Every structure is written in structure tokens, then in C-alpha cells.
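Visitor: The following file, model_26.pdb, comprises PDB, C-alpha atoms and all ligand atoms:
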```
ATOM      1  CA  MET A   1      53.238 -13.792 -19.273
ATOM      2  CA  LYS A   2      51.082 -14.350 -22.350
ATOM      3  CA  ARG A   3      48.788 -16.743 -20.500
ATOM      4  CA  ILE A   4      48.392 -14.259 -17.724
ATOM      5  CA  THR A   5      47.410 -11.577 -20.248
ATOM      6  CA  VAL A   6      44.832 -13.880 -21.866
ATOM      7  CA  LEU A   7      43.507 -14.783 -18.440
ATOM      8  CA  GLY A   8      43.439 -11.103 -17.556
ATOM      9  CA  ALA A   9      41.510 -10.334 -20.746
ATOM     10  CA  LEU A  10      39.037 -13.124 -19.995
ATOM     11  CA  LEU A  11      38.559 -11.776 -16.504
ATOM     12  CA  VAL A  12      37.927  -8.312 -17.906
ATOM     13  CA  ILE A  13      35.428  -9.679 -20.456
ATOM     14  CA  GLY A  14      33.833 -11.835 -17.777
ATOM     15  CA  GLY A  15      33.641  -8.847 -15.501
ATOM     16  CA  LEU A  16      32.123  -6.715 -18.241
ATOM     17  CA  SER A  17      29.444  -9.249 -19.127
ATOM     18  CA  ALA A  18      28.669  -9.700 -15.443
ATOM     19  CA  ALA A  19      28.359  -5.926 -15.195
ATOM     20  CA  ILE A  20      26.007  -5.865 -18.209
ATOM     21  CA  VAL A  21      23.868  -8.642 -16.720
ATOM     22  CA  ALA A  22      23.807  -6.771 -13.418
ATOM     23  CA  GLN A  23      22.701  -3.657 -15.261
ATOM     24  CA  GLN A  24      19.914  -5.511 -17.058
ATOM     25  CA  GLN A  25      18.682  -7.189 -13.885
ATOM     26  CA  PRO A  26      19.497  -4.921 -10.975
ATOM     27  CA  PRO A  27      19.372  -6.761  -7.661
ATOM     28  CA  ARG A  28      16.153  -6.043  -5.806
ATOM     29  CA  PRO A  29      16.537  -3.731  -2.849
ATOM     30  CA  PRO A  30      16.454  -5.817   0.337
ATOM     31  CA  LEU A  31      13.436  -6.001   2.636
ATOM     32  CA  PRO A  32      13.772  -5.048   6.292
ATOM     33  CA  ASP A  33      13.084  -7.561   9.033
ATOM     34  CA  LEU A  34       9.638  -7.970  10.585
ATOM     35  CA  THR A  35       8.677  -5.469  13.267
ATOM     36  CA  LYS A  36       6.227  -6.515  15.942
ATOM     37  CA  VAL A  37       3.135  -4.303  16.172
ATOM     38  CA  LYS A  38       1.227  -6.364  18.782
ATOM     39  CA  ASP A  39       1.144 -10.039  19.771
ATOM     40  CA  ASN A  40       0.738 -12.077  16.560
ATOM     41  CA  LEU A  41       0.817  -8.998  14.310
ATOM     42  CA  TYR A  42       3.921  -7.851  12.458
ATOM     43  CA  VAL A  43       4.801  -5.415   9.715
ATOM     44  CA  ILE A  44       7.396  -5.830   6.973
ATOM     45  CA  ALA A  45       7.931  -2.143   6.430
ATOM     46  CA  SER A  46       7.652  -0.233   3.172
ATOM     47  CA  SER A  47      10.690   1.559   1.804
ATOM     48  CA  ALA A  48      11.191   5.060   0.489
ATOM     49  CA  LEU A  49      10.083   5.628  -3.101
ATOM     50  CA  GLY A  50      12.955   5.700  -5.622
ATOM     51  CA  PRO A  51      15.653   3.142  -6.384
ATOM     52  CA  GLU A  52      15.228   1.424  -3.008
ATOM     53  CA  PHE A  53      11.472   0.992  -3.465
ATOM     54  CA  THR A  54      10.095  -2.433  -2.496
ATOM     55  CA  GLY A  55       6.391  -1.675  -2.082
ATOM     56  CA  GLY A  56       3.932  -0.730   0.667
ATOM     57  CA  ASN A  57       3.726  -1.934   4.255
ATOM     58  CA  THR A  58       2.928  -5.641   4.570
ATOM     59  CA  GLY A  59       0.867  -6.848   7.546
ATOM     60  CA  VAL A  60       1.543 -10.357   8.868
ATOM     61  CA  PHE A  61      -1.194 -11.672  11.191
ATOM     62  CA  VAL A  62      -0.504 -15.051  12.778
ATOM     63  CA  THR A  63      -3.859 -16.721  13.548
ATOM     64  CA  GLU A  64      -4.533 -20.171  14.994
ATOM     65  CA  SER A  65      -5.293 -21.631  11.566
ATOM     66  CA  GLY A  66      -2.631 -19.867   9.523
ATOM     67  CA  VAL A  67      -1.033 -16.598   8.538
ATOM     68  CA  ILE A  68      -2.907 -13.727   6.904
ATOM     69  CA  VAL A  69      -0.704 -11.480   4.748
ATOM     70  CA  VAL A  70      -2.078  -8.005   4.045
ATOM     71  CA  ASP A  71      -0.475  -6.610   0.857
ATOM     72  CA  THR A  72       2.381  -8.367  -0.945
ATOM     73  CA  LYS A  73       4.717  -5.568  -2.157
ATOM     74  CA  LEU A  74       6.231  -5.408  -5.637
ATOM     75  CA  SER A  75       6.673  -8.545  -7.708
ATOM     76  CA  GLY A  76       9.654 -10.679  -6.696
ATOM     77  CA  TYR A  77       9.375 -10.340  -2.911
ATOM     78  CA  GLY A  78       7.289 -13.460  -2.209
ATOM     79  CA  PRO A  79      10.197 -15.724  -1.188
ATOM     80  CA  THR A  80      11.620 -13.058   1.141
ATOM     81  CA  ILE A  81       8.209 -12.363   2.683
ATOM     82  CA  LEU A  82       7.834 -16.117   3.346
ATOM     83  CA  GLU A  83      11.346 -16.267   4.779
ATOM     84  CA  ARG A  84      10.548 -13.388   7.148
ATOM     85  CA  ILE A  85       7.297 -15.064   8.259
ATOM     86  CA  LYS A  86       9.195 -18.305   9.053
ATOM     87  CA  LYS A  87      11.156 -16.374  11.671
ATOM     88  CA  VAL A  88       8.009 -15.957  13.785
ATOM     89  CA  THR A  89       5.826 -18.975  12.961
ATOM     90  CA  ASP A  90       5.799 -22.386  11.288
ATOM     91  CA  LYS A  91       2.190 -21.909  10.235
ATOM     92  CA  PRO A  92       1.461 -21.687   6.505
ATOM     93  CA  VAL A  93       0.121 -18.570   4.814
ATOM     94  CA  THR A  94      -3.586 -19.265   4.308
ATOM     95  CA  MET A  95      -4.867 -15.872   3.186
ATOM     96  CA  ILE A  96      -3.787 -12.726   1.354
ATOM     97  CA  ILE A  97      -5.757  -9.513   1.677
ATOM     98  CA  ASN A  98      -5.012  -6.862  -0.964
ATOM     99  CA  THR A  99      -5.937  -3.349   0.232
ATOM    100  CA  HIS A 100      -6.110  -2.148  -3.393
ATOM    101  CA  THR A 101      -5.024  -2.898  -6.943
ATOM    102  CA  HIS A 102      -1.580  -1.263  -7.211
ATOM    103  CA  GLY A 103       1.423  -3.434  -8.050
ATOM    104  CA  ASP A 104       3.316  -2.339  -4.933
ATOM    105  CA  HIS A 105       0.543  -3.982  -2.858
ATOM    106  CA  THR A 106      -0.362  -6.968  -5.085
ATOM    107  CA  GLY A 107       2.883  -7.703  -6.981
ATOM    108  CA  SER A 108       3.998 -10.767  -5.019
ATOM    109  CA  ASN A 109       0.588 -12.500  -4.820
ATOM    110  CA  GLU A 110       2.045 -14.775  -7.524
ATOM    111  CA  ALA A 111       4.617 -16.265  -5.151
ATOM    112  CA  PHE A 112       2.089 -17.870  -2.816
ATOM    113  CA  PRO A 113       0.573 -21.338  -3.283
ATOM    114  CA  ALA A 114      -2.592 -21.457  -5.410
ATOM    115  CA  THR A 115      -4.456 -22.781  -2.342
ATOM    116  CA  VAL A 116      -4.072 -19.445  -0.532
ATOM    117  CA  ASP A 117      -7.356 -17.577  -0.249
ATOM    118  CA  ILE A 118      -7.125 -14.054  -1.722
ATOM    119  CA  VAL A 119      -9.560 -11.406  -0.520
ATOM    120  CA  ALA A 120     -10.207  -7.836  -1.711
ATOM    121  CA  HIS A 121     -12.952  -5.312  -2.375
ATOM    122  CA  GLU A 122     -15.025  -6.183  -5.464
ATOM    123  CA  ASN A 123     -13.819  -3.086  -7.366
ATOM    124  CA  THR A 124     -10.212  -3.993  -6.571
ATOM    125  CA  LYS A 125     -10.708  -7.423  -8.099
ATOM    126  CA  ALA A 126     -12.097  -5.753 -11.251
ATOM    127  CA  ASN A 127      -9.159  -3.295 -11.310
ATOM    128  CA  MET A 128      -6.607  -6.091 -10.826
ATOM    129  CA  ALA A 129      -8.189  -8.105 -13.651
ATOM    130  CA  LYS A 130      -7.253  -5.248 -16.019
ATOM    131  CA  MET A 131      -3.545  -5.464 -15.074
ATOM    132  CA  ASP A 132      -1.099  -7.364 -17.299
ATOM    133  CA  ALA A 133       0.329  -8.902 -14.122
ATOM    134  CA  PHE A 134      -2.927 -10.848 -13.651
ATOM    135  CA  LYS A 135      -3.628 -11.923 -17.234
ATOM    136  CA  GLY A 136      -3.562 -15.525 -18.500
ATOM    137  CA  ASP A 137      -2.113 -18.030 -16.015
ATOM    138  CA  LYS A 138      -1.633 -15.263 -13.475
ATOM    139  CA  ALA A 139      -5.418 -14.847 -13.177
ATOM    140  CA  GLN A 140      -5.233 -17.522 -10.471
ATOM    141  CA  PHE A 141      -3.673 -14.870  -8.198
ATOM    142  CA  LEU A 142      -6.671 -12.552  -8.477
ATOM    143  CA  PRO A 143      -8.933 -12.259  -5.407
ATOM    144  CA  LYS A 144     -11.106 -15.348  -4.938
ATOM    145  CA  ARG A 145     -13.459 -13.701  -2.461
ATOM    146  CA  THR A 146     -14.701 -10.129  -2.579
ATOM    147  CA  TYR A 147     -16.936  -7.858  -0.532
ATOM    148  CA  LYS A 148     -18.911  -4.676  -1.079
ATOM    149  CA  ASP A 149     -19.358  -2.827   2.235
ATOM    150  CA  LYS A 150     -18.112  -5.049   5.023
ATOM    151  CA  MET A 151     -16.853  -8.563   5.514
ATOM    152  CA  SER A 152     -15.324 -10.462   8.421
ATOM    153  CA  VAL A 153     -12.954 -13.385   8.148
ATOM    154  CA  GLY A 154     -12.092 -15.702  11.050
ATOM    155  CA  SER A 155     -13.563 -15.469  14.531
ATOM    156  CA  GLY A 156     -12.650 -14.509  18.077
ATOM    157  CA  LYS A 157      -9.128 -13.236  18.437
ATOM    158  CA  ASN A 158      -8.379 -14.391  14.879
ATOM    159  CA  ARG A 159     -11.034 -12.161  13.324
ATOM    160  CA  VAL A 160     -10.217  -9.569  10.676
ATOM    161  CA  ASP A 161     -12.857  -7.040   9.566
ATOM    162  CA  LEU A 162     -12.738  -5.508   6.091
ATOM    163  CA  TYR A 163     -14.579  -2.270   5.436
ATOM    164  CA  TYR A 164     -15.208  -0.089   2.405
ATOM    165  CA  PHE A 165     -16.129   3.562   2.950
ATOM    166  CA  GLY A 166     -16.056   4.913  -0.623
ATOM    167  CA  ALA A 167     -13.632   6.155  -3.267
ATOM    168  CA  GLY A 168     -10.382   8.011  -2.622
ATOM    169  CA  HIS A 169      -7.002   6.612  -3.657
ATOM    170  CA  THR A 170      -8.901   4.136  -5.919
ATOM    171  CA  ASN A 171     -12.505   2.903  -5.901
ATOM    172  CA  GLY A 172     -11.678  -0.290  -4.008
ATOM    173  CA  ASP A 173      -9.649   0.666  -0.946
ATOM    174  CA  ALA A 174     -10.063  -1.817   1.899
ATOM    175  CA  TRP A 175      -9.780  -0.716   5.528
ATOM    176  CA  VAL A 176      -8.445  -3.711   7.432
ATOM    177  CA  VAL A 177      -9.177  -3.962  11.171
ATOM    178  CA  TYR A 178      -7.700  -6.499  13.593
ATOM    179  CA  PRO A 179     -10.364  -5.982  16.307
ATOM    180  CA  SER A 180      -8.799  -8.143  19.037
ATOM    181  CA  LEU A 181      -5.620  -6.051  18.751
ATOM    182  CA  ARG A 182      -7.314  -2.675  18.135
ATOM    183  CA  VAL A 183      -5.166  -2.158  15.034
ATOM    184  CA  LEU A 184      -6.217  -0.625  11.698
ATOM    185  CA  GLN A 185      -4.298  -1.061   8.427
ATOM    186  CA  THR A 186      -5.293   1.684   5.982
ATOM    187  CA  GLY A 187      -3.609   0.819   2.699
ATOM    188  CA  ASP A 188      -2.959   3.945   0.631
ATOM    189  CA  MET A 189      -6.037   5.859   1.799
ATOM    190  CA  PHE A 190      -3.491   7.057   4.389
ATOM    191  CA  ALA A 191      -0.126   6.430   2.787
ATOM    192  CA  TRP A 192       1.987   9.307   4.126
ATOM    193  CA  ARG A 193       1.885  12.874   5.450
ATOM    194  CA  ASP A 194       1.693  14.622   2.095
ATOM    195  CA  ALA A 195      -0.780  15.047  -0.768
ATOM    196  CA  PRO A 196      -2.610  11.818  -1.591
ATOM    197  CA  THR A 197      -2.261   9.934  -4.852
ATOM    198  CA  ILE A 198      -5.628   9.947  -6.611
ATOM    199  CA  ASP A 199      -5.677   7.212  -9.247
ATOM    200  CA  ARG A 200      -8.550   8.216 -11.494
ATOM    201  CA  ASN A 201      -7.881   5.313 -13.888
ATOM    202  CA  ASN A 202      -8.835   3.023 -11.026
ATOM    203  CA  GLY A 203     -11.805   5.072  -9.856
ATOM    204  CA  GLY A 204      -9.995   7.311  -7.356
ATOM    205  CA  SER A 205     -11.663  10.619  -6.482
ATOM    206  CA  ALA A 206     -10.435  13.856  -4.903
ATOM    207  CA  VAL A 207     -14.005  15.003  -4.290
ATOM    208  CA  GLU A 208     -14.873  11.819  -2.413
ATOM    209  CA  TYR A 209     -11.522  11.415  -0.637
ATOM    210  CA  PRO A 210     -12.211  13.685   2.383
ATOM    211  CA  LYS A 211     -15.721  12.237   2.809
ATOM    212  CA  THR A 212     -14.402   8.684   2.672
ATOM    213  CA  LEU A 213     -11.755   9.497   5.285
ATOM    214  CA  SER A 214     -14.471  11.069   7.501
ATOM    215  CA  LYS A 215     -16.581   7.936   7.260
ATOM    216  CA  ALA A 216     -13.603   5.782   8.194
ATOM    217  CA  VAL A 217     -12.658   7.986  11.148
ATOM    218  CA  ALA A 218     -16.275   7.970  12.374
ATOM    219  CA  GLY A 219     -16.957   4.323  11.622
ATOM    220  CA  LEU A 220     -13.856   2.603  12.993
ATOM    221  CA  LYS A 221     -13.996   2.517  16.780
ATOM    222  CA  ASP A 222     -11.780   0.873  19.400
ATOM    223  CA  ILE A 223      -8.565   1.383  17.460
ATOM    224  CA  ASP A 224      -5.334   2.448  19.161
ATOM    225  CA  THR A 225      -2.774   1.699  16.432
ATOM    226  CA  VAL A 226      -2.711   2.518  12.723
ATOM    227  CA  ILE A 227      -0.562   0.905  10.020
ATOM    228  CA  PRO A 228      -0.475   3.365   7.080
ATOM    229  CA  GLY A 229       0.193   2.366   3.461
ATOM    230  CA  HIS A 230       3.772   3.603   3.148
ATOM    231  CA  SER A 231       4.884   5.126   6.457
ATOM    232  CA  PRO A 232       5.666   3.972   9.998
ATOM    233  CA  VAL A 233       3.054   2.626  12.415
ATOM    234  CA  THR A 234       1.182   5.453  14.117
ATOM    235  CA  THR A 235      -2.021   6.367  15.980
ATOM    236  CA  PRO A 236      -5.687   7.143  15.163
ATOM    237  CA  LYS A 237      -4.979  10.782  16.057
ATOM    238  CA  ASP A 238      -2.712  10.947  13.002
ATOM    239  CA  LEU A 239      -5.410   9.466  10.772
ATOM    240  CA  GLN A 240      -7.830  12.113  12.072
ATOM    241  CA  GLU A 241      -5.274  14.797  11.282
ATOM    242  CA  TYR A 242      -4.809  13.340   7.803
ATOM    243  CA  GLN A 243      -8.576  13.619   7.252
ATOM    244  CA  ARG A 244      -8.376  17.338   8.100
ATOM    245  CA  PHE A 245      -5.296  17.779   5.917
ATOM    246  CA  VAL A 246      -6.871  16.128   2.862
ATOM    247  CA  THR A 247     -10.049  18.183   3.355
ATOM    248  CA  ASP A 248      -7.999  21.410   3.436
ATOM    249  CA  TRP A 249      -5.707  20.353   0.616
ATOM    250  CA  VAL A 250      -8.527  19.417  -1.781
ATOM    251  CA  ALA A 251     -10.344  22.671  -0.909
ATOM    252  CA  ALA A 252      -7.148  24.653  -1.603
ATOM    253  CA  VAL A 253      -6.699  22.970  -4.976
ATOM    254  CA  GLN A 254     -10.356  23.588  -5.832
ATOM    255  CA  SER A 255      -9.948  27.309  -4.988
ATOM    256  CA  ALA A 256      -6.789  27.503  -7.079
ATOM    257  CA  ALA A 257      -8.657  25.936 -10.002
ATOM    258  CA  ALA A 258     -11.574  28.346  -9.542
ATOM    259  CA  ALA A 259      -9.091  31.244  -9.561
ATOM    260  CA  GLY A 260      -7.803  30.069 -12.932
ATOM    261  CA  LYS A 261      -4.370  28.961 -11.683
ATOM    262  CA  THR A 262      -2.403  26.403 -13.685
ATOM    263  CA  VAL A 263      -1.200  23.203 -11.992
ATOM    264  CA  ASP A 264       2.266  24.721 -11.525
ATOM    265  CA  GLU A 265       0.844  27.946 -10.116
ATOM    266  CA  ALA A 266      -1.415  26.001  -7.751
ATOM    267  CA  ALA A 267       1.493  23.830  -6.579
ATOM    268  CA  ALA A 268       3.584  26.946  -5.939
ATOM    269  CA  ALA A 269       0.782  28.810  -4.169
ATOM    270  CA  ILE A 270      -0.503  26.060  -1.850
ATOM    271  CA  ASP A 271       1.475  25.259   1.281
ATOM    272  CA  LEU A 272      -0.111  23.507   4.248
ATOM    273  CA  THR A 273       3.166  22.549   5.936
ATOM    274  CA  SER A 274       2.961  25.223   8.643
ATOM    275  CA  LYS A 275      -0.646  24.333   9.485
ATOM    276  CA  TYR A 276       0.303  20.634   9.558
ATOM    277  CA  PRO A 277       3.741  20.280  11.175
ATOM    278  CA  GLY A 278       5.646  17.223   9.998
ATOM    279  CA  TYR A 279       3.811  17.217   6.669
ATOM    280  CA  LYS A 280       5.650  17.511   3.365
ATOM    281  CA  SER A 281       4.633  19.259   0.147
ATOM    282  CA  GLU A 282       6.703  17.091  -2.199
ATOM    283  CA  ARG A 283       3.715  15.419  -3.820
ATOM    284  CA  TYR A 284       1.477  18.404  -4.482
ATOM    285  CA  LYS A 285       2.614  18.883  -8.066
ATOM    286  CA  ALA A 286       2.131  15.212  -8.933
ATOM    287  CA  ALA A 287      -1.253  15.058  -7.207
ATOM    288  CA  ILE A 288      -2.910  18.273  -8.428
ATOM    289  CA  PRO A 289      -3.539  17.233 -12.094
ATOM    290  CA  ALA A 290      -5.911  14.466 -10.980
ATOM    291  CA  VAL A 291      -7.951  16.970  -8.980
ATOM    292  CA  TYR A 292      -8.091  19.383 -11.929
ATOM    293  CA  ALA A 293      -9.141  16.581 -14.297
ATOM    294  CA  GLU A 294     -11.939  15.549 -11.958
ATOM    295  CA  LEU A 295     -13.192  19.140 -11.610
ATOM    296  CA  LYS A 296     -13.332  19.562 -15.401
ATOM    297  CA  LYS A 297     -15.405  16.435 -15.843
TER
HETATM  298 ZN    ZN B 301      -1.517   2.618  -4.080
END
```
Please express the file's structure as C-alpha cells.
Ligand SMILES: [Zn+2]

Guide:
Amino acid sequence: MKRITVLGALLVIGGLSAAIVAQQQPPRPPLPDLTKVKDNLYVIASSALGPEFTGGNTGVFVTESGVIVVDTKLSGYGPTILERIKKVTDKPVTMIINTHTHGDHTGSNEAFPATVDIVAHENTKANMAKMDAFKGDKAQFLPKRTYKDKMSVGSGKNRVDLYYFGAGHTNGDAWVVYPSLRVLQTGDMFAWRDAPTIDRNNGGSAVEYPKTLSKAVAGLKDIDTVIPGHSPVTTPKDLQEYQRFVTDWVAAVQSAAAAGKTVDEAAAAIDLTSKYPGYKSERYKAAIPAVYAELKK
């Protein structure tokens, strides 16, 4: 009886310490499986923000010479991303493209071999270099190749075109086109159907955002499929609508500021959800301060 009690106590203590460890290191939310977008192009989908958050959409493009991964989610997902890729090809990952600096798009760069080429806009490389996640030894996972306005990698059906149309979410947002498949991956310039995040610390701009979206809509032809930053695969029509939404939303915030409204008053007064069905207004309050700060500059 006594032994059983001691054993029971040990089990309780063991259970408690296991619970404490689990609390200190919560298990990472799982990643979904790959979804096929077109032949040789897959997405490992983003998750909802909150406790289940894993990062943005990850593009997986299987080319003849190797796999190109576009955005690597939060830190810690590298092994799972590689496991998912193995389900569709034996080819090694040869290139990472980071659409922008944020940790939910660059966090798992560190899990790939040092031989992998890493490509991003030049401002994104500069922004990433400021992050703790890329200091010291981790600097080897910074972009190795950068571009300013446009760059192509690969050729023929393996080609990927990278464009830059100006500031918006940050000052280094890449627009990634898979021309042979007529697919565009937007990063967080088009993350979701709600107010955009404008990261002024990384050069984002509310004033430029609508213009940059216009340039992208006008400049990217022969696209029939769009992979947004954090929402399901959609169409160019939805990107065009998002351009109109952001134009209207920024204008509404500017009018609210001109009328002397506080951030809270502006967030309460502005509602574009009936003009844009399917859009949410959950992010207005978080997004408006960046617009106000830029207007005061
Ligand atoms: Zn972002």
C-alpha cells in the first residue's frame, strides 16, 4: 500500500513537472498538408492568427533543378515544411524567396541547408539584418541575392519573376509570379480581406499602399490565380477589389483624421463591410494608428 502511495506521489510529481515543461514549451500548432495550386506548385496554408498561428502561406514550386520555397513561416517549422515537400518530390530545396521581413514569413529560413540560395528585395534584406533572429551565426540565413525593381530566376517553365512596385506593408514587399502557371503570390501586400497592416518601422506606408497595389494590378498580366499572404488561394479579381478597398479605407481614415477624430472614433465611424461584401472590420483599430502617425509626419 505504502509503495503504491509513493509511486502515486511520484506519478503526480512527474505529471506536474511534465505539465510545467509543457507550459514552458507549448507544442507548436500543426501545419496542414500541402494543397495543389497547379502542376508543380503547392501551398502549405497559413493558419488563423492567435494560439494556432503558424505563419503565412508558403509556396512550394517544384522545378527541374530543385524546389523553390516562397516564405518559411514562423521559426520551428522547417522540418515539417521539408517533410511536406518530400510527399510530392525527392528534389532538394535549392532556393528560398522571402516576400518580406516579418518572422511569420522568414522564421524557418534557419532550418534549410546553408547551400540554399535565399532571395529577397534589397530593402527586405536590410530589414531582416536588423532582426535578432538573423544576428551572429544566423546571418547566414539572410538573403544572398537581392533585387531592386525586377529579377527573374530560372528559365522556361521553371522561371519565377520577382517584382517590386513600391512601399505598402513594408518597403520591401516582393510580388512573386510563376509565369508558366499564371500564378501570383502577393505576400502581405494582400494578406486578407480587412484593413492592411502597415509596418512603419520597416518602411511601410499607408499613403503609398493604394498606389503600389495599382501598379501591381496594372503591371502583372496573364495571371489567373492569386496566393495571398494569409488567406486562401483566390483570383486576380479579388486583388483588384482589394486595391479599391485599400484606396477607400485609407481615404476614409484620412478624412477621419482631418475631421479631428481620435483613433477609436475613426475605428467606430468607418465601416466598409457593406460596400465590400465578405470583408471584415476586425483590424481597423489596430491599423489606423500607423496611418495617423504617417499623416502627422
Ligand atoms: Zn507581414

Visitor: Which polymer residues have any atom within 9 Å of an atom of region 50-62 of chain A, counting only C-alpha atoms, with same-chain residues fewer than 4 positions away left out, as number ranges by chain?

Guide: A: 28-31, 34, 39-46, 66-75, 77, 81, 85, 88-89, 91, 93, 103-105, 107, 158, 178, 185, 187-188, 191, 227-232

Visitor: Just the residues within 8 Å of Arg283 (chain A), please, counting all atoms listed in the file, with nothing from its chain fewer than 4 positions along; format it as a list of chain:residue names.

Guide: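 Answer for this query is A:Asp194, A:Ala195, A:Pro196, A:Ala287.
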
Visitor: Atoms to include: C-alpha atoms. Write the selected residues as a short mmCIF file (atom, residue, chain, number, x, y, z; two decimals), in the coordinates of the input.

Guide:
```
data_model
loop_
_atom_site.label_atom_id
_atom_site.label_comp_id
_atom_site.auth_asym_id
_atom_site.auth_seq_id
_atom_site.Cartn_x
_atom_site.Cartn_y
_atom_site.Cartn_z
CA ASP A 194 1.69 14.62 2.10
CA ALA A 195 -0.78 15.05 -0.77
CA PRO A 196 -2.61 11.82 -1.59
CA ALA A 287 -1.25 15.06 -7.21
#
```

Visitor: Calculate how many Å separate CA of Ala218 (chain A) from CA of Gln254 (chain A), rounding to one decimal.

Guide: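 Answer for the CA of Ala218 (chain A) to CA of Gln254 (chain A) separation: 24.7 Å.
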
Visitor: Expanded to explicit residues, what is the PyMOL selection byres (((chain A and resi 117) around 6) and not hetatm) for this file, as number ranges by chain?

Guide: A: 95, 116, 118

Visitor: Nearest to ligand ZN 301 (chain B) among A:Arg182, A:His169, A:His121, A:Lys138, with distances taken over only C-alpha atoms and all ligand atoms: which residue is it?

Guide: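 For ligand ZN 301 (chain B), the nearest of the given residues is A:His169.
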
Visitor: From the options A:Asp149, A:Glu64, A:Glu241, A:Glu265, which residue's atoms come nearest to Lys285 (chain A), counting all atoms listed in the file?

Guide: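 Among the listed residues, the smallest separation from Lys285 (chain A) belongs to A:Glu265.
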
Visitor: Record the distance separating CA of Asp248 (chain A) and CA of Gly168 (chain A), expressed in Å with one decimal.

Guide: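 So the two atoms, CA of Asp248 (chain A) and CA of Gly168 (chain A), lie 14.9 Å apart.
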